[in-house]
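Peer 1: File follows, entry18.csv with CSV, C-alpha atoms:
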chain,number,residue,atom,x,y,z
A,1,MET,CA,11.3,-18.0,8.8
A,2,GLN,CA,7.9,-17.6,10.6
A,3,VAL,CA,5.9,-15.1,8.7
A,4,ASP,CA,2.6,-13.6,9.8
A,5,ILE,CA,0.9,-10.9,7.7
A,6,ARG,CA,-2.5,-9.6,8.7
A,7,ILE,CA,-4.8,-6.8,7.4
A,8,GLN,CA,-7.6,-6.2,9.9
A,9,GLU,CA,-9.9,-3.6,11.4
A,10,GLU,CA,-9.4,-4.8,15.0
A,11,ALA,CA,-6.8,-3.6,17.4
A,12,PHE,CA,-3.7,-5.8,18.0
A,13,SER,CA,-2.0,-6.8,21.2
A,14,VAL,CA,1.7,-5.9,21.1
A,15,ASP,CA,2.5,-8.1,24.1
A,16,ALA,CA,0.8,-11.1,22.5
A,17,GLU,CA,2.6,-10.6,19.2
A,18,ILE,CA,6.0,-10.2,20.8
A,19,ALA,CA,5.4,-13.4,22.8
A,20,ARG,CA,4.7,-15.3,19.5
A,21,LEU,CA,8.0,-14.2,18.0
A,22,ALA,CA,10.0,-14.8,21.2
A,23,GLY,CA,8.8,-18.3,21.2
A,24,VAL,CA,10.1,-19.1,17.7
A,25,GLY,CA,13.4,-20.5,19.0
A,26,PHE,CA,16.2,-20.1,21.5
A,27,ASP,CA,18.4,-18.6,18.8
A,28,VAL,CA,16.3,-15.4,18.7
A,29,GLY,CA,18.4,-12.7,20.3
A,30,GLY,CA,16.4,-9.6,19.6
A,31,ILE,CA,13.1,-8.3,18.3
A,32,GLY,CA,12.9,-5.0,16.4
A,33,LEU,CA,9.6,-3.2,16.7
A,34,PHE,CA,7.9,-0.4,14.8
A,35,MET,CA,4.4,0.7,15.7
A,36,GLY,CA,2.8,3.5,13.7
A,37,LEU,CA,0.0,5.7,15.3
A,38,VAL,CA,-2.5,8.1,13.9
A,39,ARG,CA,-0.8,11.5,14.5
A,40,GLY,CA,-3.1,14.3,15.4
A,41,ASP,CA,-1.8,17.0,13.0
A,42,ALA,CA,-3.8,20.2,12.5
A,43,GLY,CA,-6.9,19.2,14.4
A,44,LEU,CA,-7.3,15.8,12.6
A,45,ALA,CA,-10.1,13.7,14.1
A,46,ALA,CA,-9.4,10.3,12.4
A,47,LEU,CA,-7.9,8.5,9.5
A,48,VAL,CA,-9.9,6.2,7.3
A,49,LEU,CA,-7.6,3.5,5.7
A,50,GLU,CA,-8.5,1.5,2.7
A,51,HIS,CA,-6.4,-1.1,0.7
A,52,TYR,CA,-6.4,-3.3,-2.3
A,53,PRO,CA,-7.2,-6.8,-0.9
A,54,GLY,CA,-4.9,-9.4,-2.4
A,55,MET,CA,-2.3,-7.1,-3.8
A,56,THR,CA,-1.6,-5.7,-0.3
A,57,GLU,CA,-0.9,-9.1,1.2
A,58,SER,CA,1.3,-10.2,-1.8
A,59,MET,CA,3.4,-6.9,-1.7
A,60,ILE,CA,4.0,-7.1,2.0
A,61,GLY,CA,4.8,-10.8,1.6
A,62,ARG,CA,7.4,-9.9,-0.9
A,63,ILE,CA,9.0,-7.2,1.2
A,64,VAL,CA,9.1,-9.5,4.2
A,65,ALA,CA,10.7,-12.3,2.2
A,66,GLN,CA,13.4,-9.9,1.0
A,67,ALA,CA,14.0,-8.7,4.6
A,68,GLY,CA,14.2,-12.3,5.7
A,69,THR,CA,16.9,-13.1,3.2
A,70,ARG,CA,18.9,-9.9,3.5
A,71,PHE,CA,18.9,-9.7,7.3
A,72,GLY,CA,18.7,-13.4,8.2
A,73,LEU,CA,15.4,-13.1,10.1
A,74,MET,CA,13.9,-15.9,12.1
A,75,ALA,CA,10.4,-14.4,12.2
A,76,CYS,CA,8.5,-11.4,11.0
A,77,THR,CA,5.0,-10.1,11.8
A,78,VAL,CA,3.3,-7.3,10.0
A,79,ILE,CA,-0.2,-6.2,11.1
A,80,HIS,CA,-1.8,-3.3,9.3
A,81,ARG,CA,-5.2,-1.9,10.3
A,82,VAL,CA,-7.8,-0.6,7.9
A,83,GLY,CA,-11.1,1.3,8.5
A,84,ARG,CA,-11.7,4.3,10.6
A,85,LEU,CA,-8.9,5.0,13.2
A,86,PRO,CA,-9.1,7.9,15.7
A,87,VAL,CA,-6.1,10.1,16.6
A,88,GLY,CA,-3.7,8.1,18.8
A,89,ALA,CA,-4.8,4.7,17.5
A,90,PRO,CA,-2.2,2.2,16.4
A,91,ILE,CA,-2.2,1.7,12.6
A,92,VAL,CA,0.7,-0.7,11.9
A,93,LEU,CA,2.9,-3.1,13.8
A,94,VAL,CA,6.2,-4.5,12.4
A,95,LEU,CA,8.1,-7.0,14.4
A,96,CYS,CA,11.4,-8.6,13.2
A,97,ALA,CA,13.2,-11.3,15.1
A,98,ALA,CA,16.8,-12.1,14.5
A,99,ALA,CA,19.9,-13.4,16.3
A,100,HIS,CA,21.3,-9.9,16.9
A,101,ARG,CA,20.0,-6.3,17.4
A,102,GLY,CA,21.6,-4.9,14.2
A,103,ALA,CA,19.7,-7.2,11.9
A,104,ALA,CA,16.5,-7.0,13.9
A,105,LEU,CA,16.5,-3.1,13.9
A,106,ASP,CA,17.6,-2.8,10.2
A,107,ALA,CA,15.0,-5.3,9.0
A,108,THR,CA,12.3,-3.4,10.9
A,109,GLY,CA,13.3,-0.2,9.1
A,110,PHE,CA,13.5,-2.0,5.8
A,111,VAL,CA,10.0,-3.5,6.1
A,112,ILE,CA,8.2,-0.3,7.2
A,113,ASP,CA,10.1,1.9,4.6
A,114,TRP,CA,9.1,-0.4,1.7
A,115,LEU,CA,5.6,-1.0,3.0
A,116,LYS,CA,5.0,2.8,2.9
A,117,THR,CA,5.9,3.0,-0.8
A,118,GLN,CA,4.9,-0.4,-2.1
A,119,ALA,CA,1.9,-1.7,-0.2
A,120,PRO,CA,-1.4,-0.4,-1.7
A,121,PHE,CA,-3.0,1.4,1.3
A,122,TRP,CA,-4.6,4.9,1.1
A,123,LYS,CA,-5.4,7.2,4.0
A,124,ARG,CA,-8.2,9.8,4.1
A,125,GLU,CA,-8.1,12.4,6.8
A,126,GLU,CA,-11.3,13.4,8.6
A,127,TYR,CA,-11.7,16.6,10.5
A,128,PRO,CA,-14.2,17.5,13.3
A,129,ASP,CA,-16.1,19.9,11.0
A,130,GLY,CA,-16.9,17.1,8.6
A,131,GLN,CA,-14.2,17.9,6.0
A,132,ALA,CA,-12.3,15.0,4.6
A,133,LYS,CA,-9.3,14.8,2.3
A,134,TRP,CA,-7.1,12.1,0.8
A,135,VAL,CA,-3.5,12.1,2.0
A,136,ALA,CA,-0.9,12.8,-0.7
A,137,ALA,CA,2.2,10.6,-1.0
A,138,ARG,CA,5.4,12.2,0.2
A,139,GLU,CA,8.7,12.1,-1.6
A,140,SER,CA,10.5,11.7,1.7
A,141,ASP,CA,8.9,8.2,1.9
A,142,GLU,CA,10.3,7.3,-1.5
A,143,ALA,CA,13.7,8.5,-0.4
A,144,ALA,CA,13.5,6.5,2.9
A,145,ALA,CA,12.9,3.3,0.9
A,146,ALA,CA,15.5,4.1,-1.7
A,147,ARG,CA,18.3,4.3,0.8
A,148,TRP,CA,18.0,0.5,1.3
A,149,ASP,CA,18.9,0.1,-2.4
A,150,ALA,CA,22.1,1.9,-1.7
A,151,GLY,CA,23.2,-0.7,0.8
A,152,GLY,CA,21.2,0.5,3.8
A,153,PRO,CA,21.7,3.0,6.6
A,154,ALA,CA,25.4,2.4,6.9
A,155,GLU,CA,25.9,3.9,3.5
A,156,ALA,CA,23.2,6.6,3.7
B,1,MET,CA,-13.1,-8.8,-20.7
B,2,VAL,CA,-10.9,-6.7,-18.4
B,3,GLU,CA,-11.9,-6.1,-14.8
B,4,ILE,CA,-11.1,-2.5,-13.9
B,5,LEU,CA,-10.8,-1.4,-10.3
B,6,TYR,CA,-10.7,2.2,-8.9
B,7,PHE,CA,-9.4,3.1,-5.4
B,8,ALA,CA,-9.3,6.1,-3.1
B,9,TRP,CA,-10.1,9.5,-4.7
B,10,LEU,CA,-10.4,7.9,-8.1
B,11,ARG,CA,-13.4,5.9,-6.9
B,12,ASP,CA,-14.9,8.9,-5.1
B,13,ARG,CA,-14.7,11.1,-8.3
B,14,LEU,CA,-16.0,8.4,-10.6
B,15,GLY,CA,-18.7,7.2,-8.2
B,16,ARG,CA,-17.9,3.6,-8.8
B,17,SER,CA,-15.3,1.1,-7.5
B,18,GLY,CA,-14.9,-0.8,-10.8
B,19,GLU,CA,-16.3,-1.8,-14.1
B,20,THR,CA,-15.9,-4.4,-16.8
B,21,LEU,CA,-14.4,-3.5,-20.1
B,22,VAL,CA,-15.0,-5.6,-23.2
B,23,LEU,CA,-12.1,-6.0,-25.5
B,24,SER,CA,-13.0,-6.6,-29.1
B,25,GLY,CA,-11.5,-9.6,-31.0
B,26,ASP,CA,-7.7,-9.8,-30.8
B,27,GLU,CA,-7.3,-6.4,-29.3
B,28,ALA,CA,-4.2,-6.1,-27.2
B,29,PRO,CA,-4.1,-2.6,-25.8
B,30,SER,CA,-1.5,-1.1,-23.4
B,31,VAL,CA,-2.5,0.4,-20.1
B,32,ARG,CA,-2.0,3.8,-21.8
B,33,ASP,CA,-4.5,2.9,-24.6
B,34,ILE,CA,-7.1,2.0,-22.0
B,35,MET,CA,-6.5,5.2,-20.1
B,36,ASP,CA,-6.9,7.2,-23.4
B,37,GLY,CA,-10.2,5.4,-24.0
B,38,LEU,CA,-11.5,6.2,-20.5
B,39,ARG,CA,-10.4,9.8,-20.8
B,40,ARG,CA,-12.4,10.2,-24.0
B,41,ARG,CA,-15.6,9.4,-22.1
B,42,GLY,CA,-15.4,13.0,-20.7
B,43,ALA,CA,-16.6,14.4,-17.3
B,44,ALA,CA,-14.9,12.8,-14.3
B,45,TYR,CA,-13.0,10.3,-16.5
B,46,GLU,CA,-11.4,13.2,-18.5
B,47,GLU,CA,-10.4,14.9,-15.2
B,48,ILE,CA,-8.8,11.8,-13.8
B,49,PHE,CA,-7.1,10.3,-16.9
B,50,GLY,CA,-6.4,13.7,-18.5
B,51,GLU,CA,-4.0,16.1,-16.9
B,52,GLY,CA,-3.8,17.8,-13.6
B,53,ALA,CA,-6.1,15.7,-11.4
B,54,GLY,CA,-3.1,14.2,-9.7
B,55,PRO,CA,-0.6,11.3,-10.1
B,56,ILE,CA,-2.1,7.9,-10.9
B,57,ARG,CA,-0.5,4.5,-10.4
B,58,CYS,CA,-1.7,1.3,-12.0
B,59,ALA,CA,-1.4,-2.5,-11.4
B,60,VAL,CA,-2.1,-5.3,-13.8
B,61,ASN,CA,-3.1,-8.6,-12.0
B,62,GLN,CA,-2.0,-7.0,-8.7
B,63,GLU,CA,1.5,-6.1,-9.9
B,64,PHE,CA,2.6,-2.5,-10.3
B,65,ALA,CA,2.6,-1.9,-14.1
B,66,ALA,CA,4.0,0.7,-16.5
B,67,LEU,CA,1.9,2.6,-19.0
B,68,ASP,CA,3.2,0.5,-21.9
B,69,SER,CA,2.3,-2.8,-20.2
B,70,PRO,CA,0.0,-4.9,-22.3
B,71,VAL,CA,-3.5,-5.7,-21.0
B,72,ARG,CA,-5.2,-9.0,-22.1
B,73,ALA,CA,-8.6,-10.5,-21.7
B,74,GLY,CA,-9.1,-11.8,-18.2
B,75,ASP,CA,-6.7,-9.3,-16.6
B,76,GLU,CA,-7.5,-7.3,-13.6
B,77,LEU,CA,-6.4,-3.7,-14.1
B,78,ALA,CA,-6.4,-1.3,-11.1
B,79,PHE,CA,-6.0,2.5,-11.0
B,80,PHE,CA,-5.1,4.3,-7.8
B,81,PRO,CA,-3.2,7.2,-6.3
B,82,PRO,CA,0.4,6.8,-5.0
B,83,VAL,CA,0.1,4.7,-1.9
B,84,THR,CA,0.0,6.2,1.6
B,85,GLY,CA,0.0,3.4,4.1
B,86,GLY,CA,2.1,2.7,7.1
Represent the structure contained in this file as structure tokens.
Peer 2:
Amino acid sequence: MQVDIRIQEEAFSVDAEIARLAGVGFDVGGIGLFMGLVRGDAGLAALVLEHYPGMTESMIGRIVAQAGTRFGLMACTVIHRVGRLPVGAPIVLVLCAAAHRGAALDATGFVIDWLKTQAPFWKREEYPDGQAKWVAARESDEAAAARWDAGGPAEA
Amino acid sequence: MVEILYFAWLRDRLGRSGETLVLSGDEAPSVRDIMDGLRRRGAAYEEIFGEGAGPIRCAVNQEFAALDSPVRAGDELAFFPPVTGG
């Protein structure tokens, strides 16, 4: 499996990343894609993302390895941005290449659900009036990840 | 020595991103023991490692760890809030 995990401040090119996965081999039949954006809730101006260098990469690597085995992936790319990101900006990109759509789509959900609960990133919200507050973790994210333990969405 | 790291609002409240803790002799504390020691310093430490400031997670050598996990000289111990990436 081709694995590419990047934590970066810079923007990413979805087209370029898809092209890299599509080129892995002729047996790739589909690519699942999830892109997370900064959602402009309640007048939010921007999010500031920080992470725990080293642990972040190793936790995402572990999640991707599990997805690769479970769903038979041929390639997986995870790019997560850090730093200050304004409303509307892309935060995270998950691409999973597999032979068939079911595996590609399920693997994409698996990776982003586990990333949200296991990868050490933290978001701080910034508002136009200068106020800032750290985002609290949500139980619904834990539940979304836990469904994969129960055999995935088919059994949820 | 144990390298302690603080992230997100823990770092903001403490005003530092980390510190070095010297273990004496053959001391083999648990994560909970170290948290108790930090809490006894008072002020922001007491707020964070006492009750009510908010849930805290920890990692030993970049692996999520439980409160009863042992901490040894040379380890990296990190404290942070539940993660909110993605």
Peer 1: Here is a test: counting all atoms listed in the file, which residue of A:Ala98, A:Ala42, A:Ile18, A:Met55 is nearest to chain B?
Peer 2: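 Among the listed residues, the smallest separation from chain B belongs to A:Met55.
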Peer 1: So the first atom is CA of Val24 in chain A and the second is CA of Arg62 in chain A; what is the distance between them in Å, to one decimal place?
Peer 2: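 So the two atoms, CA of Val24 in chain A and CA of Arg62 in chain A, lie 20.9 Å apart.
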Peer 1: Distance cut-off 10 Å, counting all atoms listed in the file - which residues of chain A neighbour chain B? Return them as number ranges by chain.
Peer 2: A: 35-38, 49-56, 58-59, 80-82, 91-94, 112-124, 133-138, 141
Peer 1: Kindly indicate which residue among A:Leu95, A:Asp129, A:Ala143, A:Ala22 lies nearest to Thr108 in chain A, using only C-alpha atoms for the distances.
Peer 2: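 Checking each of A:Leu95, A:Asp129, A:Ala143, A:Ala22 against Thr108 in chain A, counting only C-alpha atoms, the winner is A:Leu95.
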Peer 1: Quick one: residues within 12 Å of Leu38 in chain B, only C-alpha atoms counted, chain neighbours fewer than 4 positions away excluded, as a PyMOL selection string?
Peer 2: chain B and resi 4+14+19+21+31-34+42-50+79
Peer 1: Quote the spacing between CA of Leu67 in chain B and CA of Ser30 in chain B in Å to one decimal place.
Peer 2: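 About the pair CA of Leu67 in chain B and CA of Ser30 in chain B: they are 6.7 Å apart.
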Peer 1: Using only C-alpha atoms for the distances, tell me which of A:Leu44, A:Ile79, A:Val3, A:Ala99 is nearest to Gly32 in chain A.
Peer 2: A:Ala99
Peer 1: Provide the CA of Val28 in chain A to CA of Glu57 in chain A distance in Å, to one decimal place.
Peer 2: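 Distance between the two atoms: 25.3 Å.
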Peer 1: Could I get range 9-31 of chain A rebuilt with N, CA and C atoms, written as a PDB file, in the frame of the given file?
Peer 2:
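Dumped everything to selection_18.pdb:
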ATOM      1  N   GLU A   9      -9.352  -4.826  10.800  1.00  0.00           N
ATOM      2  CA  GLU A   9      -9.900  -3.600  11.400  1.00  0.00           C
ATOM      3  C   GLU A   9      -9.631  -3.574  12.899  1.00  0.00           C
ATOM      4  N   GLU A  10      -9.546  -4.728  13.518  1.00  0.00           N
ATOM      5  CA  GLU A  10      -9.400  -4.800  15.000  1.00  0.00           C
ATOM      6  C   GLU A  10      -8.061  -4.312  15.453  1.00  0.00           C
ATOM      7  N   ALA A  11      -8.033  -3.933  16.727  1.00  0.00           N
ATOM      8  CA  ALA A  11      -6.800  -3.600  17.400  1.00  0.00           C
ATOM      9  C   ALA A  11      -5.925  -4.828  17.528  1.00  0.00           C
ATOM     10  N   PHE A  12      -4.616  -4.626  17.798  1.00  0.00           N
ATOM     11  CA  PHE A  12      -3.700  -5.800  18.000  1.00  0.00           C
ATOM     12  C   PHE A  12      -3.096  -5.620  19.414  1.00  0.00           C
ATOM     13  N   SER A  13      -2.639  -6.752  19.960  1.00  0.00           N
ATOM     14  CA  SER A  13      -2.000  -6.800  21.200  1.00  0.00           C
ATOM     15  C   SER A  13      -0.460  -6.903  21.003  1.00  0.00           C
ATOM     16  N   VAL A  14       0.297  -5.852  21.312  1.00  0.00           N
ATOM     17  CA  VAL A  14       1.700  -5.900  21.100  1.00  0.00           C
ATOM     18  C   VAL A  14       2.374  -6.990  21.951  1.00  0.00           C
ATOM     19  N   ASP A  15       1.938  -7.111  23.187  1.00  0.00           N
ATOM     20  CA  ASP A  15       2.500  -8.100  24.100  1.00  0.00           C
ATOM     21  C   ASP A  15       2.309  -9.532  23.495  1.00  0.00           C
ATOM     22  N   ALA A  16       1.095  -9.792  23.017  1.00  0.00           N
ATOM     23  CA  ALA A  16       0.800 -11.100  22.500  1.00  0.00           C
ATOM     24  C   ALA A  16       1.638 -11.396  21.238  1.00  0.00           C
ATOM     25  N   GLU A  17       1.818 -10.371  20.400  1.00  0.00           N
ATOM     26  CA  GLU A  17       2.600 -10.600  19.200  1.00  0.00           C
ATOM     27  C   GLU A  17       4.068 -10.776  19.461  1.00  0.00           C
ATOM     28  N   ILE A  18       4.592 -10.039  20.431  1.00  0.00           N
ATOM     29  CA  ILE A  18       6.000 -10.200  20.800  1.00  0.00           C
ATOM     30  C   ILE A  18       6.205 -11.630  21.371  1.00  0.00           C
ATOM     31  N   ALA A  19       5.275 -12.080  22.189  1.00  0.00           N
ATOM     32  CA  ALA A  19       5.400 -13.400  22.800  1.00  0.00           C
ATOM     33  C   ALA A  19       5.440 -14.489  21.710  1.00  0.00           C
ATOM     34  N   ARG A  20       4.679 -14.297  20.633  1.00  0.00           N
ATOM     35  CA  ARG A  20       4.700 -15.300  19.500  1.00  0.00           C
ATOM     36  C   ARG A  20       6.013 -15.349  18.845  1.00  0.00           C
ATOM     37  N   LEU A  21       6.672 -14.184  18.705  1.00  0.00           N
ATOM     38  CA  LEU A  21       8.000 -14.200  18.000  1.00  0.00           C
ATOM     39  C   LEU A  21       9.081 -14.700  18.946  1.00  0.00           C
ATOM     40  N   ALA A  22       8.994 -14.323  20.229  1.00  0.00           N
ATOM     41  CA  ALA A  22      10.000 -14.800  21.200  1.00  0.00           C
ATOM     42  C   ALA A  22      10.027 -16.273  21.295  1.00  0.00           C
ATOM     43  N   GLY A  23       8.880 -16.871  21.030  1.00  0.00           N
ATOM     44  CA  GLY A  23       8.800 -18.300  21.200  1.00  0.00           C
ATOM     45  C   GLY A  23       9.225 -19.102  19.947  1.00  0.00           C
ATOM     46  N   VAL A  24       9.725 -18.413  18.939  1.00  0.00           N
ATOM     47  CA  VAL A  24      10.100 -19.100  17.700  1.00  0.00           C
ATOM     48  C   VAL A  24      11.301 -20.036  17.929  1.00  0.00           C
ATOM     49  N   GLY A  25      12.245 -19.619  18.785  1.00  0.00           N
ATOM     50  CA  GLY A  25      13.400 -20.500  19.000  1.00  0.00           C
ATOM     51  C   GLY A  25      14.372 -19.825  19.992  1.00  0.00           C
ATOM     52  N   PHE A  26      15.266 -20.616  20.585  1.00  0.00           N
ATOM     53  CA  PHE A  26      16.200 -20.100  21.500  1.00  0.00           C
ATOM     54  C   PHE A  26      17.321 -19.247  20.869  1.00  0.00           C
ATOM     55  N   ASP A  27      17.398 -19.334  19.522  1.00  0.00           N
ATOM     56  CA  ASP A  27      18.400 -18.600  18.800  1.00  0.00           C
ATOM     57  C   ASP A  27      17.996 -17.123  18.534  1.00  0.00           C
ATOM     58  N   VAL A  28      16.745 -16.768  18.866  1.00  0.00           N
ATOM     59  CA  VAL A  28      16.300 -15.400  18.700  1.00  0.00           C
ATOM     60  C   VAL A  28      16.991 -14.543  19.800  1.00  0.00           C
ATOM     61  N   GLY A  29      17.738 -13.518  19.376  1.00  0.00           N
ATOM     62  CA  GLY A  29      18.400 -12.700  20.300  1.00  0.00           C
ATOM     63  C   GLY A  29      17.864 -11.299  20.478  1.00  0.00           C
ATOM     64  N   GLY A  30      16.966 -10.935  19.554  1.00  0.00           N
ATOM     65  CA  GLY A  30      16.400  -9.600  19.600  1.00  0.00           C
ATOM     66  C   GLY A  30      15.203  -9.465  18.706  1.00  0.00           C
ATOM     67  N   ILE A  31      14.307  -8.582  19.086  1.00  0.00           N
ATOM     68  CA  ILE A  31      13.100  -8.300  18.300  1.00  0.00           C
ATOM     69  C   ILE A  31      13.073  -6.800  18.012  1.00  0.00           C
TER      70      ILE A  31
END
